[in-house]
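Some notes on the structure that comes next.
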Amino acid sequence: MAKVAFIGLGVMGYPMAGHLVKKGHDLTVYNRTASKAQQWVEQYGGRRADTPKAAAKGQDIVFTCVGNDDDLRQVVLGDQGAIHGMHAGAILVDHTTASADVARDIAAQLTPQNIGFLDAPVSGGQAGAENGVLTVMMGGEQADFDTVKPVIDAYSRCAELLGPAGSGQLTKMVNQICIAGVVQGLAEGLHFAKSAGLDGLKVIEVISKGAAQSWQMENRYQTMWQGQYDFGFAIDWMRKDLGIALDEARRNGSHLPVAALVDQFYSEVQAMKGNRWDTSSLLARLEKSRS
């Protein structure tokens, strides 16, 4: 059993922290909205702290899962940030999808205090968090990874160390780049099937047994065909992630024409008031253009 803190109880962090308690870990939580943390404690047990610093005090591992770079800097490095409560030998594991730059910066500030750091963004969405089957992409030191891996296993089915600090975030960018193209392709395929008068559900049942198969196809085609887009990762979040990837691409000289185009398509869905629709709602944009 490890002594751990979990900072950030959003749609991902809330169930992830719950899995840690179910596995017997001693947990303290912090959330910016205190009522959410209190709700979590009433549901799972554990303790609630009033600041990230207080949550981190005395803990072996501190997990963070917040919104963006600025949020992460605040809860880790701010006046009441976790860094001020952590002791030498402790490890901070960040599950936020953020930039590689902020990961490297936080690692650089923690290292002189002998505090380990792993940037560890996740994939699998809300359902993956709730079911404890997330994929975790990690950057940092091998020794820190070896320490936290048995704890992270509480909510993951795959956790891998990809390289030094920042590597987890870079890998998550690859993940989002790939998803963008796959979802757009699926949306176009379903749109074409409707226009051609085909039974889209039967079409997908057939082609999903061949080379066109993907996670998005298996898990989203039925809801997409029915025009339902309330299933997980919201467009606002995807555009944040694609923006991070596109910024990184400009720095490293890579070319991402499809990702840039799909990001533009998502902006059009936002204009349709689809900010909180899931990423498969690219089909709604195509259907609107047909009507």
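Starting from 1 in every chain, residues are counted up; chains themselves are A, B, ... following the order of the structure tokens, and ligands are numbered from 1 as listed.
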
* Among region 200-291 of chain A, which residues carry a DSSP assignment of helix (DSSP H, G or I), reported as a count of residues only? -> 64

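Residues with any atom within 9 Å of Gly168 (chain A), counting only C-alpha atoms and excluding same-chain neighbours fewer than 5 positions away, are Ala100, Ala103, Leu118, Asp119, Ala120, Pro121, Val122, Val136, Met137, Met138, Gly139, Gly140, Glu160, Leu161, Leu162, Gly163 and Met173 of chain A.
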
* To do: Would you list the contacts of region 58-71 of chain A as number ranges by chain, taking every protein, DNA or RNA residue within 8 Å and counting only C-alpha atoms, but skipping same-chain residues closer than 6 positions in sequence?
  => A: 2-10, 12-13, 82, 85-87, 89-99, 102, 148

Generate the output file for the selected residues, C-alpha atoms, as an mmCIF file, in the first residue's frame.
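Written output follows (result.cif):
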```cif
data_model
loop_
_atom_site.group_PDB
_atom_site.id
_atom_site.type_symbol
_atom_site.label_atom_id
_atom_site.label_comp_id
_atom_site.auth_asym_id
_atom_site.auth_seq_id
_atom_site.Cartn_x
_atom_site.Cartn_y
_atom_site.Cartn_z
ATOM 1 C CA ALA A 2 1.336 3.427 -0.963
ATOM 2 C CA LYS A 3 0.651 6.817 0.592
ATOM 3 C CA VAL A 4 -0.582 8.923 -2.298
ATOM 4 C CA ALA A 5 -2.292 12.196 -3.144
ATOM 5 C CA PHE A 6 -4.481 12.869 -6.170
ATOM 6 C CA ILE A 7 -4.896 16.475 -7.310
ATOM 7 C CA GLY A 8 -7.680 17.133 -9.822
ATOM 8 C CA LEU A 9 -10.976 15.261 -9.717
ATOM 9 C CA GLY A 10 -12.434 15.939 -13.148
ATOM 10 C CA MET A 12 -10.811 11.439 -15.579
ATOM 11 C CA GLY A 13 -9.253 12.050 -12.179
ATOM 12 C CA ALA A 82 2.438 20.435 -4.273
ATOM 13 C CA GLY A 85 4.613 19.842 0.575
ATOM 14 C CA MET A 86 6.616 17.051 -1.025
ATOM 15 C CA HIS A 87 9.627 15.494 0.635
ATOM 16 C CA GLY A 89 12.399 10.857 -2.478
ATOM 17 C CA ALA A 90 8.744 11.445 -3.354
ATOM 18 C CA ILE A 91 7.542 11.266 -6.962
ATOM 19 C CA LEU A 92 5.109 13.508 -8.829
ATOM 20 C CA VAL A 93 3.162 11.841 -11.662
ATOM 21 C CA ASP A 94 1.296 14.197 -13.983
ATOM 22 C CA HIS A 95 -1.636 12.767 -15.954
ATOM 23 C CA THR A 96 -2.563 16.113 -17.526
ATOM 24 C CA THR A 97 -2.366 16.343 -21.310
ATOM 25 C CA ALA A 98 -0.023 19.304 -21.494
ATOM 26 C CA SER A 99 3.011 20.521 -23.437
ATOM 27 C CA VAL A 102 5.961 22.315 -19.105
ATOM 28 C CA VAL A 148 4.936 4.019 -9.594
#
```

Give me, as a PDB file with N, CA and C atoms, in the first residue's frame, all polymer residues having an atom no more than 7 Å from Gln222 (chain A), counting only C-alpha atoms and skipping those fewer than 3 positions away in the same chain.
```pdb
ATOM      1  N   LEU A 201     -24.998   0.542 -40.567  1.00  0.00           N
ATOM      2  CA  LEU A 201     -24.659  -0.397 -39.507  1.00  0.00           C
ATOM      3  C   LEU A 201     -24.171  -1.722 -40.088  1.00  0.00           C
ATOM      4  N   TRP A 225     -23.974   6.969 -36.286  1.00  0.00           N
ATOM      5  CA  TRP A 225     -25.059   6.729 -37.252  1.00  0.00           C
ATOM      6  C   TRP A 225     -26.385   7.279 -36.731  1.00  0.00           C
ATOM      7  N   GLN A 226     -26.539   7.241 -35.411  1.00  0.00           N
ATOM      8  CA  GLN A 226     -27.768   7.731 -34.786  1.00  0.00           C
ATOM      9  C   GLN A 226     -27.706   9.224 -34.462  1.00  0.00           C
TER      10      GLN A 226
END
```

Write out as a tab-separated table a residue-level contact list of region 128-192 of chain A versus region 245-250 of chain A with cut-off 12 Å: for each qualifying residue the closest pair of atoms and the distance in Å to one decimal, counting only C-alpha atoms, rows sorted by chain and residue number upward.
```
residue	atom	partner	partner_atom	distance
A:Gly166	CA	A:Glu248	CA	11.5
A:Gln169	CA	A:Ala245	CA	9.3
A:Leu170	CA	A:Ala245	CA	7.9
A:Thr171	CA	A:Ala245	CA	9.9
A:Lys172	CA	A:Ala245	CA	8.8
A:Met173	CA	A:Ala245	CA	5.2
A:Val174	CA	A:Ala245	CA	7.8
A:Asn175	CA	A:Ala245	CA	9.9
A:Gln176	CA	A:Ala245	CA	8.0
A:Ile177	CA	A:Ala245	CA	7.5
A:Cys178	CA	A:Ala245	CA	11.2
A:Ala180	CA	A:Ala245	CA	11.4
```

If you keep N, CA, C and O atoms, can you produce a file of those selected residues as a CSV table (one decimal), in the first residue's frame?
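Contents of result-v7.csv, as written:
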```csv
chain,number,residue,atom,x,y,z
A,166,GLY,N,9.1,14.7,-20.8
A,166,GLY,CA,8.5,15.2,-22.0
A,166,GLY,C,8.1,14.2,-23.0
A,166,GLY,O,7.3,14.4,-23.8
A,169,GLN,N,4.3,13.3,-23.0
A,169,GLN,CA,3.5,14.3,-23.7
A,169,GLN,C,3.7,14.2,-25.2
A,169,GLN,O,2.7,14.4,-25.9
A,170,LEU,N,4.9,14.0,-25.7
A,170,LEU,CA,5.1,13.9,-27.1
A,170,LEU,C,4.4,12.7,-27.7
A,170,LEU,O,3.8,12.7,-28.8
A,171,THR,N,4.4,11.6,-26.9
A,171,THR,CA,3.7,10.4,-27.4
A,171,THR,C,2.2,10.6,-27.4
A,171,THR,O,1.5,10.2,-28.3
A,172,LYS,N,1.6,11.4,-26.4
A,172,LYS,CA,0.2,11.7,-26.4
A,172,LYS,C,-0.1,12.5,-27.6
A,172,LYS,O,-1.2,12.4,-28.2
A,173,MET,N,0.8,13.4,-28.1
A,173,MET,CA,0.5,14.2,-29.3
A,173,MET,C,0.4,13.3,-30.5
A,173,MET,O,-0.5,13.4,-31.3
A,174,VAL,N,1.3,12.3,-30.6
A,174,VAL,CA,1.2,11.3,-31.7
A,174,VAL,C,-0.2,10.6,-31.6
A,174,VAL,O,-0.8,10.4,-32.6
A,175,ASN,N,-0.6,10.2,-30.4
A,175,ASN,CA,-1.9,9.6,-30.2
A,175,ASN,C,-3.0,10.4,-30.8
A,175,ASN,O,-3.9,10.0,-31.5
A,176,GLN,N,-3.0,11.7,-30.4
A,176,GLN,CA,-4.1,12.6,-30.9
A,176,GLN,C,-4.1,12.9,-32.4
A,176,GLN,O,-5.1,13.0,-33.0
A,177,ILE,N,-2.9,13.0,-32.9
A,177,ILE,CA,-2.7,13.2,-34.4
A,177,ILE,C,-3.3,12.0,-35.1
A,177,ILE,O,-4.1,12.2,-36.1
A,178,CYS,N,-3.1,10.8,-34.6
A,178,CYS,CA,-3.6,9.6,-35.3
A,178,CYS,C,-5.1,9.5,-35.1
A,178,CYS,O,-5.8,9.2,-36.1
A,180,ALA,N,-7.2,12.0,-34.8
A,180,ALA,CA,-7.9,13.0,-35.7
A,180,ALA,C,-8.2,12.5,-37.1
A,180,ALA,O,-9.3,12.6,-37.6
```

* Asked: Which of these residues is nearest to Ile83 (chain A), using only C-alpha atoms: A:Ala49, A:Val41, A:Leu110, A:Ala212?
  -> A:Leu110

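Remark: for Met238 (chain A), the closest of the candidate residues A:Gln213, A:Thr147, A:Ser167, A:Ser123 is A:Ser123 (distances computed over only C-alpha atoms).
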
* Asked: A:Thr33, A:Thr28, A:Gln126, A:Gln80: which is nearest Gly46 (chain A), counting only C-alpha atoms?
  -> A:Thr28

* **Nearby residues (only C-alpha atoms) at most 9 Å from Ile204 (chain A), same-chain spacing under 2 positions excluded, as a list of chain:residue names** => A:Leu190, A:Asp199, A:Gly200, A:Leu201, A:Lys202, A:Val206, A:Ile207, A:Ser208, A:Lys209, A:Gln213, A:Met217, A:Glu218, A:Tyr221, A:Gln222

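The list of residues with at least one atom within 8 Å of Met1 (chain A), based on only C-alpha atoms and without residues fewer than 4 positions apart in the same chain, reads Gly24, His25 and Asp26 of chain A.
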
With N, CA and C atoms retained, export the selected residues as a PDB file, in the first residue's frame.
```pdb
ATOM      1  N   GLY A  24      -6.545  -0.371  -2.216  1.00  0.00           N
ATOM      2  CA  GLY A  24      -6.025  -0.340  -0.858  1.00  0.00           C
ATOM      3  C   GLY A  24      -5.018   0.743  -0.550  1.00  0.00           C
ATOM      4  N   HIS A  25      -4.794   1.686  -1.480  1.00  0.00           N
ATOM      5  CA  HIS A  25      -3.820   2.750  -1.229  1.00  0.00           C
ATOM      6  C   HIS A  25      -4.406   3.822  -0.306  1.00  0.00           C
ATOM      7  N   ASP A  26      -3.554   4.420   0.487  1.00  0.00           N
ATOM      8  CA  ASP A  26      -3.929   5.466   1.440  1.00  0.00           C
ATOM      9  C   ASP A  26      -3.942   6.802   0.692  1.00  0.00           C
TER      10      ASP A  26
END
```

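The shell of residues at most 7 Å from region 262-278 of chain A, with only C-alpha atoms counted and near chain neighbours (fewer than 2 positions) removed, consists of Ala180, Tyr229, Asp230, Phe231, Gly232, Phe233, Ala234, Ile235, Asp236, Arg239, Leu242, Val258, Ala259, Ala260, Ser280, Ser281, Leu282 and Arg285 of chain A.
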
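With distances restricted to only C-alpha atoms, A:Leu283 is the closest residue to Ala193 (chain A) from A:Asp101, A:Ser35, A:Leu283, A:Leu72.
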
* Asked: Separation of CA of Glu141 (chain A) and CA of Thr51 (chain A), in Å?
  -> 27.4 Å

I need the strand (DSSP E or B) residues of region 51-186 of chain A per DSSP on the backbone, written as a PDB file with C-alpha atoms, in the first residue's frame.
```pdb
ATOM      1  CA  ILE A  61       3.478   9.667  -4.769  1.00  0.00           C
ATOM      2  CA  VAL A  62       1.488  12.718  -5.854  1.00  0.00           C
ATOM      3  CA  PHE A  63      -0.730  12.443  -8.939  1.00  0.00           C
ATOM      4  CA  THR A  64      -2.015  15.469 -10.844  1.00  0.00           C
ATOM      5  CA  ILE A  91       7.542  11.266  -6.962  1.00  0.00           C
ATOM      6  CA  LEU A  92       5.109  13.508  -8.829  1.00  0.00           C
ATOM      7  CA  VAL A  93       3.162  11.841 -11.662  1.00  0.00           C
ATOM      8  CA  ASP A  94       1.296  14.197 -13.983  1.00  0.00           C
ATOM      9  CA  GLY A 116      11.064  12.482  -9.053  1.00  0.00           C
ATOM     10  CA  PHE A 117       8.806  13.448 -11.930  1.00  0.00           C
ATOM     11  CA  LEU A 118       6.957  11.499 -14.620  1.00  0.00           C
ATOM     12  CA  ASP A 119       4.815  13.126 -17.298  1.00  0.00           C
ATOM     13  CA  VAL A 122      -3.433   8.899 -20.650  1.00  0.00           C
ATOM     14  CA  SER A 123      -5.599   7.568 -23.468  1.00  0.00           C
ATOM     15  CA  LEU A 134      -6.301   3.403 -19.486  1.00  0.00           C
ATOM     16  CA  THR A 135      -3.131   3.510 -21.547  1.00  0.00           C
ATOM     17  CA  VAL A 136      -0.441   5.604 -19.843  1.00  0.00           C
ATOM     18  CA  MET A 137       2.413   7.172 -21.833  1.00  0.00           C
ATOM     19  CA  MET A 138       5.284   8.181 -19.575  1.00  0.00           C
ATOM     20  CA  GLY A 139       8.453  10.249 -19.658  1.00  0.00           C
ATOM     21  CA  SER A 156      -4.322   1.114 -16.457  1.00  0.00           C
ATOM     22  CA  ARG A 157      -3.987  -1.847 -18.762  1.00  0.00           C
ATOM     23  CA  CYS A 158      -0.791  -0.537 -20.363  1.00  0.00           C
ATOM     24  CA  ALA A 159       1.833   1.828 -18.934  1.00  0.00           C
ATOM     25  CA  GLU A 160       5.139   2.331 -20.714  1.00  0.00           C
ATOM     26  CA  LEU A 161       8.179   4.552 -20.236  1.00  0.00           C
ATOM     27  CA  LEU A 162       8.999   6.228 -23.566  1.00  0.00           C
ATOM     28  CA  GLY A 163      12.086   8.261 -22.682  1.00  0.00           C
TER      29      GLY A 163
END
```

* Structure fact -> CA of Phe145 (chain A) sits from CA of Thr111 (chain A) at a separation of 14.9 Å

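Across the model, the gap from CA of Val182 (chain A) to CA of His255 (chain A) is 17.3 Å.
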